[in-house]
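S.K.: Handing over upload.cif, mmCIF, N, CA and C atoms.
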data_data
loop_
_atom_site.group_PDB
_atom_site.id
_atom_site.type_symbol
_atom_site.label_atom_id
_atom_site.label_comp_id
_atom_site.auth_asym_id
_atom_site.auth_seq_id
_atom_site.Cartn_x
_atom_site.Cartn_y
_atom_site.Cartn_z
ATOM 1 N N MET G 1 -18.821 -125.799 149.462
ATOM 2 C CA MET G 1 -18.474 -126.531 150.648
ATOM 3 C C MET G 1 -16.960 -126.680 150.684
ATOM 4 N N SER G 2 -16.454 -126.948 151.859
ATOM 5 C CA SER G 2 -15.017 -127.189 152.016
ATOM 6 C C SER G 2 -14.825 -128.397 152.919
ATOM 7 N N ILE G 3 -13.614 -128.901 152.954
ATOM 8 C CA ILE G 3 -13.326 -130.051 153.810
ATOM 9 C C ILE G 3 -13.597 -129.701 155.263
ATOM 10 N N THR G 4 -13.369 -128.448 155.648
ATOM 11 C CA THR G 4 -13.620 -128.021 157.027
ATOM 12 C C THR G 4 -15.096 -128.159 157.374
ATOM 13 N N ILE G 5 -15.968 -127.762 156.470
ATOM 14 C CA ILE G 5 -17.415 -127.876 156.713
ATOM 15 C C ILE G 5 -17.820 -129.346 156.763
ATOM 16 N N ALA G 6 -17.272 -130.160 155.873
ATOM 17 C CA ALA G 6 -17.582 -131.596 155.886
ATOM 18 C C ALA G 6 -17.160 -132.224 157.213
ATOM 19 N N ILE G 7 -16.002 -131.837 157.721
ATOM 20 C CA ILE G 7 -15.527 -132.365 159.009
ATOM 21 C C ILE G 7 -16.431 -131.882 160.135
ATOM 22 N N ASP G 8 -16.811 -130.605 160.103
ATOM 23 C CA ASP G 8 -17.743 -130.079 161.110
ATOM 24 C C ASP G 8 -19.034 -130.896 161.110
ATOM 25 N N GLU G 9 -19.556 -131.173 159.921
ATOM 26 C CA GLU G 9 -20.780 -131.966 159.798
ATOM 27 C C GLU G 9 -20.588 -133.351 160.417
ATOM 28 N N LEU G 10 -19.459 -133.979 160.158
ATOM 29 C CA LEU G 10 -19.201 -135.308 160.703
ATOM 30 C C LEU G 10 -19.124 -135.269 162.221
ATOM 31 N N TYR G 11 -18.391 -134.313 162.765
ATOM 32 C CA TYR G 11 -18.260 -134.213 164.214
ATOM 33 C C TYR G 11 -19.600 -133.901 164.865
ATOM 34 N N GLU G 12 -20.477 -133.160 164.188
ATOM 35 C CA GLU G 12 -21.809 -132.851 164.725
ATOM 36 C C GLU G 12 -22.682 -134.087 164.844
ATOM 37 N N THR G 13 -22.353 -135.158 164.136
ATOM 38 C CA THR G 13 -23.117 -136.400 164.248
ATOM 39 C C THR G 13 -22.698 -137.212 165.466
ATOM 40 N N GLY G 14 -21.689 -136.746 166.174
ATOM 41 C CA GLY G 14 -21.195 -137.452 167.344
ATOM 42 C C GLY G 14 -19.998 -138.341 167.053
ATOM 43 N N TRP G 15 -19.525 -138.336 165.812
ATOM 44 C CA TRP G 15 -18.361 -139.146 165.467
ATOM 45 C C TRP G 15 -17.147 -138.602 166.202
ATOM 46 N N SER G 16 -16.291 -139.506 166.638
ATOM 47 C CA SER G 16 -15.078 -139.108 167.341
ATOM 48 C C SER G 16 -13.951 -140.049 166.969
ATOM 49 N N ALA G 17 -12.766 -139.553 166.971
ATOM 50 C CA ALA G 17 -11.587 -140.354 166.626
ATOM 51 C C ALA G 17 -10.888 -140.845 167.890
ATOM 52 N N LEU G 18 -11.659 -141.423 168.816
ATOM 53 C CA LEU G 18 -11.055 -141.923 170.046
ATOM 54 C C LEU G 18 -10.003 -142.976 169.736
ATOM 55 N N ASP G 19 -10.277 -143.809 168.744
ATOM 56 C CA ASP G 19 -9.294 -144.772 168.261
ATOM 57 C C ASP G 19 -8.870 -144.252 166.894
ATOM 58 N N SER G 20 -7.699 -143.682 166.802
ATOM 59 C CA SER G 20 -7.297 -143.031 165.554
ATOM 60 C C SER G 20 -6.784 -143.994 164.496
ATOM 61 N N SER G 21 -6.820 -145.301 164.756
ATOM 62 C CA SER G 21 -6.431 -146.229 163.696
ATOM 63 C C SER G 21 -7.493 -146.144 162.604
ATOM 64 N N GLY G 22 -7.065 -146.132 161.368
ATOM 65 C CA GLY G 22 -8.003 -145.969 160.264
ATOM 66 C C GLY G 22 -8.372 -144.520 160.030
ATOM 67 N N CYS G 23 -7.646 -143.622 160.679
ATOM 68 C CA CYS G 23 -7.907 -142.189 160.527
ATOM 69 C C CYS G 23 -6.670 -141.493 159.967
ATOM 70 N N GLU G 24 -6.889 -140.298 159.478
ATOM 71 C CA GLU G 24 -5.780 -139.481 158.990
ATOM 72 C C GLU G 24 -6.025 -138.044 159.426
ATOM 73 N N ALA G 25 -4.974 -137.281 159.461
ATOM 74 C CA ALA G 25 -5.090 -135.887 159.873
ATOM 75 C C ALA G 25 -5.589 -135.041 158.709
ATOM 76 N N ALA G 26 -6.589 -134.230 158.987
ATOM 77 C CA ALA G 26 -7.111 -133.288 158.000
ATOM 78 C C ALA G 26 -6.185 -132.075 157.948
ATOM 79 N N PRO G 27 -6.352 -131.214 156.944
ATOM 80 C CA PRO G 27 -5.496 -130.021 156.853
ATOM 81 C C PRO G 27 -5.527 -129.146 158.111
ATOM 82 N N ASP G 28 -6.655 -129.155 158.831
ATOM 83 C CA ASP G 28 -6.745 -128.324 160.037
ATOM 84 C C ASP G 28 -6.281 -129.056 161.297
ATOM 85 N N GLY G 29 -5.776 -130.295 161.138
ATOM 86 C CA GLY G 29 -5.229 -131.042 162.261
ATOM 87 C C GLY G 29 -6.202 -131.993 162.933
ATOM 88 N N ARG G 30 -7.493 -131.877 162.645
ATOM 89 C CA ARG G 30 -8.452 -132.807 163.239
ATOM 90 C C ARG G 30 -8.344 -134.162 162.555
ATOM 91 N N TRP G 31 -8.723 -135.199 163.290
ATOM 92 C CA TRP G 31 -8.719 -136.549 162.729
ATOM 93 C C TRP G 31 -9.997 -136.786 161.952
ATOM 94 N N ILE G 32 -9.858 -137.461 160.808
ATOM 95 C CA ILE G 32 -11.011 -137.885 160.015
ATOM 96 C C ILE G 32 -10.782 -139.336 159.594
ATOM 97 N N PRO G 33 -11.865 -140.074 159.374
ATOM 98 C CA PRO G 33 -11.675 -141.456 158.923
ATOM 99 C C PRO G 33 -11.113 -141.475 157.505
ATOM 100 N N SER G 34 -10.278 -142.465 157.227
ATOM 101 C CA SER G 34 -9.731 -142.611 155.878
ATOM 102 C C SER G 34 -10.845 -143.036 154.930
ATOM 103 N N PHE G 35 -10.586 -142.927 153.639
ATOM 104 C CA PHE G 35 -11.588 -143.333 152.650
ATOM 105 C C PHE G 35 -11.955 -144.801 152.851
ATOM 106 N N GLU G 36 -10.970 -145.639 153.096
ATOM 107 C CA GLU G 36 -11.236 -147.074 153.292
ATOM 108 C C GLU G 36 -12.109 -147.314 154.524
ATOM 109 N N THR G 37 -11.851 -146.584 155.588
ATOM 110 C CA THR G 37 -12.669 -146.711 156.799
ATOM 111 C C THR G 37 -14.104 -146.287 156.513
ATOM 112 N N ILE G 38 -14.268 -145.198 155.783
ATOM 113 C CA ILE G 38 -15.616 -144.732 155.428
ATOM 114 C C ILE G 38 -16.317 -145.777 154.567
ATOM 115 N N ARG G 39 -15.605 -146.337 153.608
ATOM 116 C CA ARG G 39 -16.198 -147.354 152.731
ATOM 117 C C ARG G 39 -16.674 -148.551 153.549
ATOM 118 N N ARG G 40 -15.872 -148.976 154.514
ATOM 119 C CA ARG G 40 -16.262 -150.110 155.369
ATOM 120 C C ARG G 40 -17.487 -149.774 156.220
ATOM 121 N N GLU G 41 -17.576 -148.531 156.682
ATOM 122 C CA GLU G 41 -18.741 -148.111 157.472
ATOM 123 C C GLU G 41 -20.012 -148.167 156.623
ATOM 124 N N PHE G 42 -19.913 -147.751 155.365
ATOM 125 C CA PHE G 42 -21.066 -147.840 154.464
ATOM 126 C C PHE G 42 -21.458 -149.299 154.263
ATOM 127 N N GLU G 43 -20.481 -150.166 154.045
ATOM 128 C CA GLU G 43 -20.761 -151.590 153.850
ATOM 129 C C GLU G 43 -21.418 -152.192 155.086
ATOM 130 N N ALA G 44 -20.932 -151.827 156.268
ATOM 131 C CA ALA G 44 -21.510 -152.341 157.508
ATOM 132 C C ALA G 44 -22.969 -151.912 157.675
ATOM 133 N N ALA G 45 -23.304 -150.765 157.109
ATOM 134 C CA ALA G 45 -24.683 -150.266 157.181
ATOM 135 C C ALA G 45 -25.545 -150.796 156.038
ATOM 136 N N GLY G 46 -24.941 -151.591 155.134
ATOM 137 C CA GLY G 46 -25.708 -152.186 154.046
ATOM 138 C C GLY G 46 -25.729 -151.380 152.757
ATOM 139 N N PHE G 47 -24.755 -150.494 152.600
ATOM 140 C CA PHE G 47 -24.696 -149.645 151.413
ATOM 141 C C PHE G 47 -23.365 -149.790 150.691
ATOM 142 N N THR G 48 -23.366 -149.458 149.424
ATOM 143 C CA THR G 48 -22.148 -149.426 148.625
ATOM 144 C C THR G 48 -21.849 -147.964 148.302
ATOM 145 N N LEU G 49 -20.632 -147.524 148.589
ATOM 146 C CA LEU G 49 -20.224 -146.144 148.340
ATOM 147 C C LEU G 49 -19.324 -146.080 147.119
ATOM 148 N N SER G 50 -19.567 -145.096 146.266
ATOM 149 C CA SER G 50 -18.650 -144.831 145.153
ATOM 150 C C SER G 50 -18.388 -143.336 145.094
ATOM 151 N N VAL G 51 -17.152 -142.992 144.795
ATOM 152 C CA VAL G 51 -16.771 -141.582 144.642
ATOM 153 C C VAL G 51 -16.154 -141.429 143.262
ATOM 154 N N THR G 52 -16.713 -140.512 142.476
ATOM 155 C CA THR G 52 -16.217 -140.299 141.120
ATOM 156 C C THR G 52 -15.863 -138.835 140.907
ATOM 157 N N HIS G 53 -14.863 -138.624 140.076
ATOM 158 C CA HIS G 53 -14.450 -137.272 139.720
ATOM 159 C C HIS G 53 -15.299 -136.798 138.546
ATOM 160 N N ILE G 54 -15.900 -135.651 138.668
ATOM 161 C CA ILE G 54 -16.705 -135.057 137.603
ATOM 162 C C ILE G 54 -15.870 -133.937 136.994
ATOM 163 N N GLN G 55 -15.171 -134.259 135.905
ATOM 164 C CA GLN G 55 -14.232 -133.299 135.308
ATOM 165 C C GLN G 55 -14.905 -132.008 134.862
ATOM 166 N N LEU G 56 -16.088 -132.105 134.305
ATOM 167 C CA LEU G 56 -16.775 -130.927 133.782
ATOM 168 C C LEU G 56 -16.920 -129.838 134.841
ATOM 169 N N PHE G 57 -17.176 -130.245 136.076
ATOM 170 C CA PHE G 57 -17.389 -129.281 137.151
ATOM 171 C C PHE G 57 -16.239 -129.246 138.157
ATOM 172 N N GLU G 58 -15.178 -130.034 137.894
ATOM 173 C CA GLU G 58 -14.021 -130.118 138.791
ATOM 174 C C GLU G 58 -14.467 -130.353 140.235
ATOM 175 N N CYS G 59 -15.278 -131.402 140.409
ATOM 176 C CA CYS G 59 -15.721 -131.789 141.739
ATOM 177 C C CYS G 59 -15.756 -133.306 141.828
ATOM 178 N N TYR G 60 -16.068 -133.789 142.997
ATOM 179 C CA TYR G 60 -16.196 -135.222 143.237
ATOM 180 C C TYR G 60 -17.605 -135.499 143.729
ATOM 181 N N ARG G 61 -18.182 -136.586 143.245
ATOM 182 C CA ARG G 61 -19.529 -136.981 143.643
ATOM 183 C C ARG G 61 -19.440 -138.295 144.402
ATOM 184 N N ALA G 62 -19.941 -138.273 145.626
ATOM 185 C CA ALA G 62 -20.035 -139.496 146.428
ATOM 186 C C ALA G 62 -21.491 -139.926 146.394
ATOM 187 N N ALA G 63 -21.723 -141.152 145.968
ATOM 188 C CA ALA G 63 -23.081 -141.689 145.901
ATOM 189 C C ALA G 63 -23.098 -143.039 146.585
ATOM 190 N N TRP G 64 -24.215 -143.347 147.208
ATOM 191 C CA TRP G 64 -24.338 -144.647 147.841
ATOM 192 C C TRP G 64 -25.675 -145.268 147.473
ATOM 193 N N ALA G 65 -25.639 -146.594 147.433
ATOM 194 C CA ALA G 65 -26.811 -147.361 147.038
ATOM 195 C C ALA G 65 -27.024 -148.494 148.033
ATOM 196 N N ASP G 66 -28.285 -148.922 148.154
ATOM 197 C CA ASP G 66 -28.581 -150.030 149.058
ATOM 198 C C ASP G 66 -28.210 -151.363 148.407
ATOM 199 N N ALA G 67 -28.472 -152.438 149.103
ATOM 200 C CA ALA G 67 -28.063 -153.768 148.631
ATOM 201 C C ALA G 67 -28.681 -154.140 147.291
ATOM 202 N N SER G 68 -29.864 -153.589 146.976
ATOM 203 C CA SER G 68 -30.513 -153.892 145.699
ATOM 204 C C SER G 68 -30.000 -153.000 144.568
ATOM 205 N N GLY G 69 -29.114 -152.054 144.901
ATOM 206 C CA GLY G 69 -28.566 -151.138 143.901
ATOM 207 C C GLY G 69 -29.366 -149.863 143.739
ATOM 208 N N SER G 70 -30.417 -149.700 144.539
ATOM 209 C CA SER G 70 -31.223 -148.474 144.467
ATOM 210 C C SER G 70 -30.467 -147.313 145.096
ATOM 211 N N PRO G 71 -30.427 -146.169 144.424
ATOM 212 C CA PRO G 71 -29.737 -145.006 144.982
ATOM 213 C C PRO G 71 -30.320 -144.619 146.343
ATOM 214 N N ALA G 72 -29.439 -144.323 147.281
ATOM 215 C CA ALA G 72 -29.877 -143.955 148.618
ATOM 216 C C ALA G 72 -29.438 -142.543 148.998
ATOM 217 N N GLY G 73 -28.474 -141.979 148.274
ATOM 218 C CA GLY G 73 -28.022 -140.635 148.571
ATOM 219 C C GLY G 73 -26.809 -140.264 147.754
ATOM 220 N N ALA G 74 -26.554 -138.970 147.676
ATOM 221 C CA ALA G 74 -25.384 -138.467 146.951
ATOM 222 C C ALA G 74 -25.058 -137.068 147.441
ATOM 223 N N VAL G 75 -23.776 -136.744 147.426
ATOM 224 C CA VAL G 75 -23.293 -135.412 147.775
ATOM 225 C C VAL G 75 -22.129 -135.075 146.845
ATOM 226 N N VAL G 76 -21.744 -133.826 146.798
ATOM 227 C CA VAL G 76 -20.577 -133.418 146.023
ATOM 228 C C VAL G 76 -19.597 -132.690 146.930
ATOM 229 N N GLY G 77 -18.331 -132.704 146.522
ATOM 230 C CA GLY G 77 -17.296 -132.009 147.263
ATOM 231 C C GLY G 77 -16.164 -131.616 146.344
ATOM 232 N N GLY G 78 -15.292 -130.795 146.826
ATOM 233 C CA GLY G 78 -14.173 -130.311 146.037
ATOM 234 C C GLY G 78 -13.024 -131.292 145.933
ATOM 235 N N SER G 79 -13.029 -132.323 146.784
ATOM 236 C CA SER G 79 -11.992 -133.356 146.748
ATOM 237 C C SER G 79 -12.645 -134.687 147.099
ATOM 238 N N GLU G 80 -11.915 -135.762 146.833
ATOM 239 C CA GLU G 80 -12.434 -137.084 147.171
ATOM 240 C C GLU G 80 -12.684 -137.188 148.675
ATOM 241 N N ALA G 81 -11.741 -136.701 149.467
ATOM 242 C CA ALA G 81 -11.877 -136.763 150.927
ATOM 243 C C ALA G 81 -13.083 -135.969 151.396
ATOM 244 N N GLU G 82 -13.264 -134.778 150.859
ATOM 245 C CA GLU G 82 -14.391 -133.937 151.256
ATOM 246 C C GLU G 82 -15.721 -134.616 150.942
ATOM 247 N N ALA G 83 -15.845 -135.158 149.745
ATOM 248 C CA ALA G 83 -17.083 -135.828 149.354
ATOM 249 C C ALA G 83 -17.338 -137.048 150.230
ATOM 250 N N ALA G 84 -16.308 -137.830 150.507
ATOM 251 C CA ALA G 84 -16.473 -139.036 151.316
ATOM 252 C C ALA G 84 -16.848 -138.698 152.758
ATOM 253 N N VAL G 85 -16.185 -137.719 153.346
ATOM 254 C CA VAL G 85 -16.483 -137.332 154.733
ATOM 255 C C VAL G 85 -17.900 -136.775 154.823
ATOM 256 N N TYR G 86 -18.290 -135.941 153.872
ATOM 257 C CA TYR G 86 -19.639 -135.380 153.889
ATOM 258 C C TYR G 86 -20.680 -136.485 153.698
ATOM 259 N N ALA G 87 -20.421 -137.428 152.802
ATOM 260 C CA ALA G 87 -21.339 -138.546 152.601
ATOM 261 C C ALA G 87 -21.477 -139.351 153.891
ATOM 262 N N PHE G 88 -20.367 -139.579 154.584
ATOM 263 C CA PHE G 88 -20.395 -140.332 155.832
ATOM 264 C C PHE G 88 -21.241 -139.612 156.879
ATOM 265 N N SER G 89 -21.110 -138.289 156.937
ATOM 266 C CA SER G 89 -21.928 -137.541 157.906
ATOM 267 C C SER G 89 -23.411 -137.649 157.557
ATOM 268 N N ARG G 90 -23.734 -137.606 156.270
ATOM 269 C CA ARG G 90 -25.137 -137.759 155.849
ATOM 270 C C ARG G 90 -25.655 -139.150 156.185
ATOM 271 N N LEU G 91 -24.834 -140.175 155.966
ATOM 272 C CA LEU G 91 -25.241 -141.532 156.316
ATOM 273 C C LEU G 91 -25.506 -141.636 157.810
ATOM 274 N N ARG G 92 -24.605 -141.121 158.627
ATOM 275 C CA ARG G 92 -24.781 -141.185 160.074
ATOM 276 C C ARG G 92 -26.054 -140.474 160.505
ATOM 277 N N ARG G 93 -26.357 -139.323 159.905
ATOM 278 C CA ARG G 93 -27.589 -138.601 160.238
ATOM 279 C C ARG G 93 -28.827 -139.408 159.854
ATOM 280 N N SER G 94 -28.784 -140.026 158.669
ATOM 281 C CA SER G 94 -29.954 -140.794 158.225
ATOM 282 C C SER G 94 -30.169 -142.031 159.087
ATOM 283 N N LEU G 95 -29.089 -142.677 159.529
ATOM 284 C CA LEU G 95 -29.233 -143.850 160.392
ATOM 285 C C LEU G 95 -29.722 -143.460 161.774
ATOM 286 N N ALA G 96 -29.310 -142.297 162.251
ATOM 287 C CA ALA G 96 -29.739 -141.835 163.581
ATOM 288 C C ALA G 96 -31.220 -141.476 163.591
ATOM 289 N N SER G 97 -31.728 -140.995 162.467
ATOM 290 C CA SER G 97 -33.140 -140.592 162.421
ATOM 291 C C SER G 97 -34.067 -141.755 162.066
ATOM 292 N N ALA G 98 -33.483 -142.877 161.672
ATOM 293 C CA ALA G 98 -34.317 -144.036 161.284
ATOM 294 C C ALA G 98 -34.781 -144.840 162.472
#
Please render this file's structure as structure tokens.
M.R.:
Amino acid sequence: MSITIAIDELYETGWSALDSSGCEAAPDGRWIPSFETIRREFEAAGFTLSVTHIQLFECYRAAWADASGSPAGAVVGGSEAEAAVYAFSRLRRSLASA
């Protein structure tokens, strides 16, 4: 996966940067939410997000858990931003289908 694919996934959920506060420019020039903005979105939905670097595989793992601490999802990416954006797109998809 790449940051471009993660951004595509996020935009496919209907996310838009109409208000670019709390956003940053991605390498391709599109706006994406900052890590802090993504973390707040997870909290607002009742989840806790953590992103950790997995040195063995040189990747980042974004995992989220519900209020009771039960795992609710996880994704991996090549960078912290990629993992966080992809996790946010997965969260948005799961909330839309619920």
S.K.: Of the candidates G:Ile7, G:Ala25, G:Ala44, G:Ala81, which shows the shortest atom-to-atom distance to Asp66 of chain G, using only C-alpha atoms?
M.R.: G:Ala44
S.K.: Quick one: 3 Å padding each side, axis-aligned, all listed atoms of segment 55-60 of chain G - centre and edge lengths in Å to one decimal, as JSON?
M.R.:
{"center_x": -15.8, "center_y": -132.4, "center_z": 138.8, "size_x": 9.6, "size_y": 12.3, "size_z": 15.9}
S.K.: Looking only at the backbone, which of the residues in chain G does DSSP tag as strand (DSSP E), as a list in words?
M.R.: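 The residues of chain G classed as strand (DSSP E) are Cys23, Glu24, Ala25, Trp31, Ile32, Pro33, Phe47, Thr48, Leu49, Ser50, Val51, Thr52, His53, Ile54, Cys59, Tyr60, Arg61, Ala62, Ala63, Trp64, Ala65, Asp66, Pro71, Ala72, Gly73, Ala74, Val75, Val76 and Gly77 of chain G.
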S.K.: Care to translate the PyMOL selection byres (((chain G and resi 50 and name CA) around 8) and name CA) into actual residues of this file, as a list of chain:residue names?
M.R.: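 Checking the PyMOL selection byres (((chain G and resi 50 and name CA) around 8) and name CA) against this file, the residues are G:Thr48, G:Leu49, G:Val51, G:Thr52, G:Ala62, G:Ala63, G:Trp64.
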S.K.: Which residues come within 6.5 Å of segment 8-13 of chain G, counting all atoms listed in the file, excluding same-chain residues fewer than 5 positions away, as a VMD selection string?
M.R.: chain G and resid 3 85 to 86 88 to 89 92 to 93
S.K.: Between atom C of Cys23 of chain G and atom C of Thr37 of chain G, what distance in Å does the model show, to one decimal?
M.R.: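 Straight-line distance from atom C of Cys23 of chain G to atom C of Thr37 of chain G works out to 9.5 Å.
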S.K.: Just how far from atom CA of Gly22 of chain G is atom N of Ser34 of chain G, in Å to one decimal?
M.R.: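 Separation of atom N of Ser34 of chain G and atom CA of Gly22 of chain G: 5.2 Å.
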S.K.: For the alpha helix (DSSP H) assignment from backbone DSSP, which residues of chain G qualify? Please present them as a PyMOL selection string.
M.R.: chain G and resi 3-12+35-44+80-97
S.K.: Rounded to one decimal, what separation in Å do you get between atom N of Arg61 of chain G and atom N of Gly78 of chain G?
M.R.: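 Going from atom N of Arg61 of chain G over to atom N of Gly78 of chain G covers 7.4 Å.
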S.K.: Considering only C-alpha atoms, state which residue in the set G:Leu18, G:Ala98, G:Ala6, G:Ala45 is at the smallest distance from Val75 of chain G.
M.R.: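 Selected residue with least distance to Val75 of chain G: G:Ala6.
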S.K.: Between G:Trp31, G:Phe47, G:Phe57, G:Phe42, which one has atoms that come closest to Asp19 of chain G, using only C-alpha atoms?
M.R.: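 Of G:Trp31, G:Phe47, G:Phe57, G:Phe42, the one nearest Asp19 of chain G is G:Trp31, counting only C-alpha atoms.
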S.K.: Which residue out of G:Glu43, G:Glu24, G:His53, G:Gly77 has the minimum interatomic distance to Ser2 of chain G when only N, CA and C atoms are used?
M.R.: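 Of G:Glu43, G:Glu24, G:His53, G:Gly77, the one nearest Ser2 of chain G is G:Gly77, counting only N, CA and C atoms.
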S.K.: Pick from G:Ala87, G:Ile32, G:Ile5, G:Ala96: nearest to Gly73 of chain G, with all atoms listed in the file counted?
M.R.: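 The closest residue to Gly73 of chain G is G:Ala87.
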S.K.: Counting only N, CA and C atoms, which residue out of G:Leu95, G:Val76, G:Leu56, G:Ala84 sits closest to Ile38 of chain G?
M.R.: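 Of G:Leu95, G:Val76, G:Leu56, G:Ala84, the one nearest Ile38 of chain G, counting only N, CA and C atoms, is G:Ala84.
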